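Undergrad: Following this message is one structure expressed as structure tokens.
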Amino acid sequence: MSLLTAVANVYGSDIGGVFALVLTIGAYVAQLSAAWLVESRLAGGRGRDAVFFPRFLHVVAVFGVIAWLCGDVFRPMGYIGIVLLISALEVSRNMSLIAPQPRRDTVAAALLGVAALVDFIAASEVVIWVVVPILVFATVELRAVGMSRTGPSVPRSSTVWVISETAVNGLVQPIVVSAVLGVLGGSAATGFRLTVNVANLFSPVLSFVRIRLLSAASRTDVVFSVIAFFAIAPVVLGGDVLGFWSLVFREGWVGVSFAALGAAVTWKIVSLVSTLPFASLRRAGHVRMVFALRAVSSLIFSVSSLVAVKAFGSVGAVLCAFVVAEIATALMYWVFAARFAQPASL
């Protein structure tokens, strides 16, 4: 969110739209990486001891930061670096949820906070191509401290199904951002991505409860997540009412309506509802079933979003389509979990 804001302020909405697509692709690759290195190891009820930080991930992080640092001179190399380093960052974040270390995680969060703050208050080419990648790389390496470098093997079939499921589901965002960019232009793509990113203030809570429930059932984690959502929602919506997001994102927030942000918040709230039966099914080892369900869900998301772009031509309409698709997804998960995974055990 902060990086896209800095890019939009330094380079304008057209380049911002390209960055929105690059960041979306980066998020997609990051999802696949986390599915491979974290989620597939938890499928079937395996505990946190199955997760470890492989040595090659350090190599990916090093190459990523070097490529990102070259971005000001050769932009395509910078884009590759962003994708690689974001992927390493996401994997390390998921691992830190499985094996938390309060001091380490606090410092890591502080480093990312500094990166975001610098993006907001001192956006420049140096910040985008030098300061941010160094801080992100430092966060990845810090989270790796104290983690095992090896771990038990997992069945290849489980890994394949989990990665395939994530791949199908993760295609939605790149497809939608590409459609918004192509049909509505760079400004709309930037606005869409920023709206989603503001709504992603819920994402740390969603990621927390998702990873924790994939590891083991916990009513406490669910209750904590619900309370956190009630606390975050007024902050997200109130920020728009008070003009905070316009002040922060400036040109990037032009054209973003309160209705669009409200739809994005609703989408995230429904996502919490669908996460519970999803985790229950995955934890019970029904990886093939979850793949089929997420494939259907992705189709619903993609079709409804593309129809919204063509028919209504607005970011708000796309996010309303997200809400409808997420409700359909939640209903599917709960129906199947009620029969195969006993969601009440959550």
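By order of appearance in the structure tokens: chains A, B, ..., then residues from 1 within every chain, and ligands from 1 in the order shown.
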Any idea what's packed within 9 Å of segment 116-121 of chain A, counting only C-alpha atoms, ignoring anything in its chain fewer than 3 positions away? Could you give it as a VMD selection string?
TA: chain A and resid 1 to 7 111 to 113 124 127 to 128 131 to 132 248 to 249
Undergrad: Find the residues near Ala264 of chain A: any atom within 7 Å, counting only C-alpha atoms, skip ones fewer than 4 places away on the same chain, and give them as an mmCIF file with all heavy atoms, in the first residue's frame.
TA:
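This is the output file part-v2.cif:
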```cif
data_model
loop_
_atom_site.group_PDB
_atom_site.id
_atom_site.type_symbol
_atom_site.label_atom_id
_atom_site.label_comp_id
_atom_site.auth_asym_id
_atom_site.auth_seq_id
_atom_site.Cartn_x
_atom_site.Cartn_y
_atom_site.Cartn_z
ATOM 1 N N VAL A 196 -8.252 -1.921 -2.206
ATOM 2 C CA VAL A 196 -8.028 -3.278 -1.701
ATOM 3 C C VAL A 196 -6.953 -3.272 -0.619
ATOM 4 O O VAL A 196 -7.064 -3.952 0.402
ATOM 5 C CB VAL A 196 -7.629 -4.224 -2.853
ATOM 6 C CG1 VAL A 196 -7.177 -5.576 -2.313
ATOM 7 C CG2 VAL A 196 -8.805 -4.404 -3.813
ATOM 8 N N ALA A 199 -8.334 -2.006 2.606
ATOM 9 C CA ALA A 199 -9.126 -3.097 3.193
ATOM 10 C C ALA A 199 -8.221 -4.204 3.724
ATOM 11 O O ALA A 199 -8.608 -4.943 4.639
ATOM 12 C CB ALA A 199 -10.096 -3.654 2.155
ATOM 13 N N ALA A 260 -17.321 2.234 -2.459
ATOM 14 C CA ALA A 260 -16.333 1.237 -2.887
ATOM 15 C C ALA A 260 -15.552 0.709 -1.693
ATOM 16 O O ALA A 260 -15.327 -0.501 -1.561
ATOM 17 C CB ALA A 260 -15.384 1.843 -3.921
ATOM 18 N N LYS A 268 -14.015 -8.263 3.093
ATOM 19 C CA LYS A 268 -13.066 -8.815 4.053
ATOM 20 C C LYS A 268 -13.783 -9.476 5.237
ATOM 21 O O LYS A 268 -13.339 -10.507 5.752
ATOM 22 C CB LYS A 268 -12.128 -7.721 4.554
ATOM 23 C CG LYS A 268 -11.120 -7.248 3.515
ATOM 24 C CD LYS A 268 -10.193 -8.378 3.112
ATOM 25 C CE LYS A 268 -9.167 -7.917 2.078
ATOM 26 N NZ LYS A 268 -8.237 -9.022 1.695
ATOM 27 N N LEU A 319 -15.885 -4.298 -6.619
ATOM 28 C CA LEU A 319 -15.801 -4.710 -5.219
ATOM 29 C C LEU A 319 -17.135 -5.261 -4.715
ATOM 30 O O LEU A 319 -17.161 -6.162 -3.869
ATOM 31 C CB LEU A 319 -15.337 -3.537 -4.365
ATOM 32 C CG LEU A 319 -13.867 -3.148 -4.622
ATOM 33 C CD1 LEU A 319 -13.543 -1.791 -4.018
ATOM 34 C CD2 LEU A 319 -12.928 -4.209 -4.054
#
```
Undergrad: Between A:Val335, A:Ala325, A:Ala8, A:Val287, which residue has the minimum interatomic distance to Ala123 of chain A, considering only C-alpha atoms?
TA: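 Using only C-alpha atoms, Ala123 of chain A sits closest to A:Ala8.
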Undergrad: If DSSP is run on the backbone, what residues of segment 110-337 of chain A are alpha helix (DSSP H)? A reply as number ranges by chain would be ideal.
TA: A: 110-121, 125-126, 132-144, 156-170, 172-184, 186-199, 203-215, 219-241, 244-249, 258-283, 287-312, 315-337
Undergrad: With a distance cut-off of 10 Å and only C-alpha atoms, select the neighbouring residues of Thr195 of chain A, excluding the residue or stretch itself and same-chain residues fewer than 6 positions from it, and output the selection as an MDAnalysis selection string.
TA: chainID A and resid 1 189 245 252:253 256:258 260:265 315:316 319
Undergrad: Kindly export the residues of the current selection with C-alpha atoms, as a PDB file, in the first residue's frame.
TA:
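See selection-v5.pdb below for the written result:
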```
ATOM      1  CA  MET A   1       0.000   0.000   0.000  1.00  0.00           C
ATOM      2  CA  ALA A 189      -6.314   0.408 -11.494  1.00  0.00           C
ATOM      3  CA  TRP A 245      -6.938   8.344   2.946  1.00  0.00           C
ATOM      4  CA  GLY A 252      -3.992   7.713  -6.120  1.00  0.00           C
ATOM      5  CA  TRP A 253      -7.204   8.093  -4.089  1.00  0.00           C
ATOM      6  CA  VAL A 256     -12.351   6.150  -4.860  1.00  0.00           C
ATOM      7  CA  SER A 257     -15.808   6.389  -3.286  1.00  0.00           C
ATOM      8  CA  PHE A 258     -16.947   5.610   0.239  1.00  0.00           C
ATOM      9  CA  ALA A 260     -16.333   1.237  -2.887  1.00  0.00           C
ATOM     10  CA  LEU A 261     -14.419   1.194   0.382  1.00  0.00           C
ATOM     11  CA  GLY A 262     -17.509  -0.038   2.221  1.00  0.00           C
ATOM     12  CA  ALA A 263     -17.845  -2.897  -0.269  1.00  0.00           C
ATOM     13  CA  ALA A 264     -14.167  -3.785   0.238  1.00  0.00           C
ATOM     14  CA  VAL A 265     -14.639  -3.877   4.017  1.00  0.00           C
ATOM     15  CA  VAL A 315     -14.174   0.164  -9.054  1.00  0.00           C
ATOM     16  CA  GLY A 316     -17.111   0.093  -6.647  1.00  0.00           C
ATOM     17  CA  LEU A 319     -15.801  -4.710  -5.219  1.00  0.00           C
TER      18      LEU A 319
END
```
Undergrad: Env of Phe278 of chain A: 8 Å cut, atoms = only C-alpha atoms, seq-sep filter 4 positions within chain, self excluded. Answer as a PyMOL selection string.
TA: chain A and resi 274+282+290+333-334+337
Undergrad: Given only C-alpha atoms as the basis, pick out the residue of A:Gly185, A:Tyr11, A:Ser178, A:Arg288 nearest to Ser305 of chain A.
TA: A:Ser178
Undergrad: Using only C-alpha atoms, which of A:Val222, A:Val59, A:Val172, A:Leu213 sits nearest Leu97 of chain A?
TA: A:Leu213
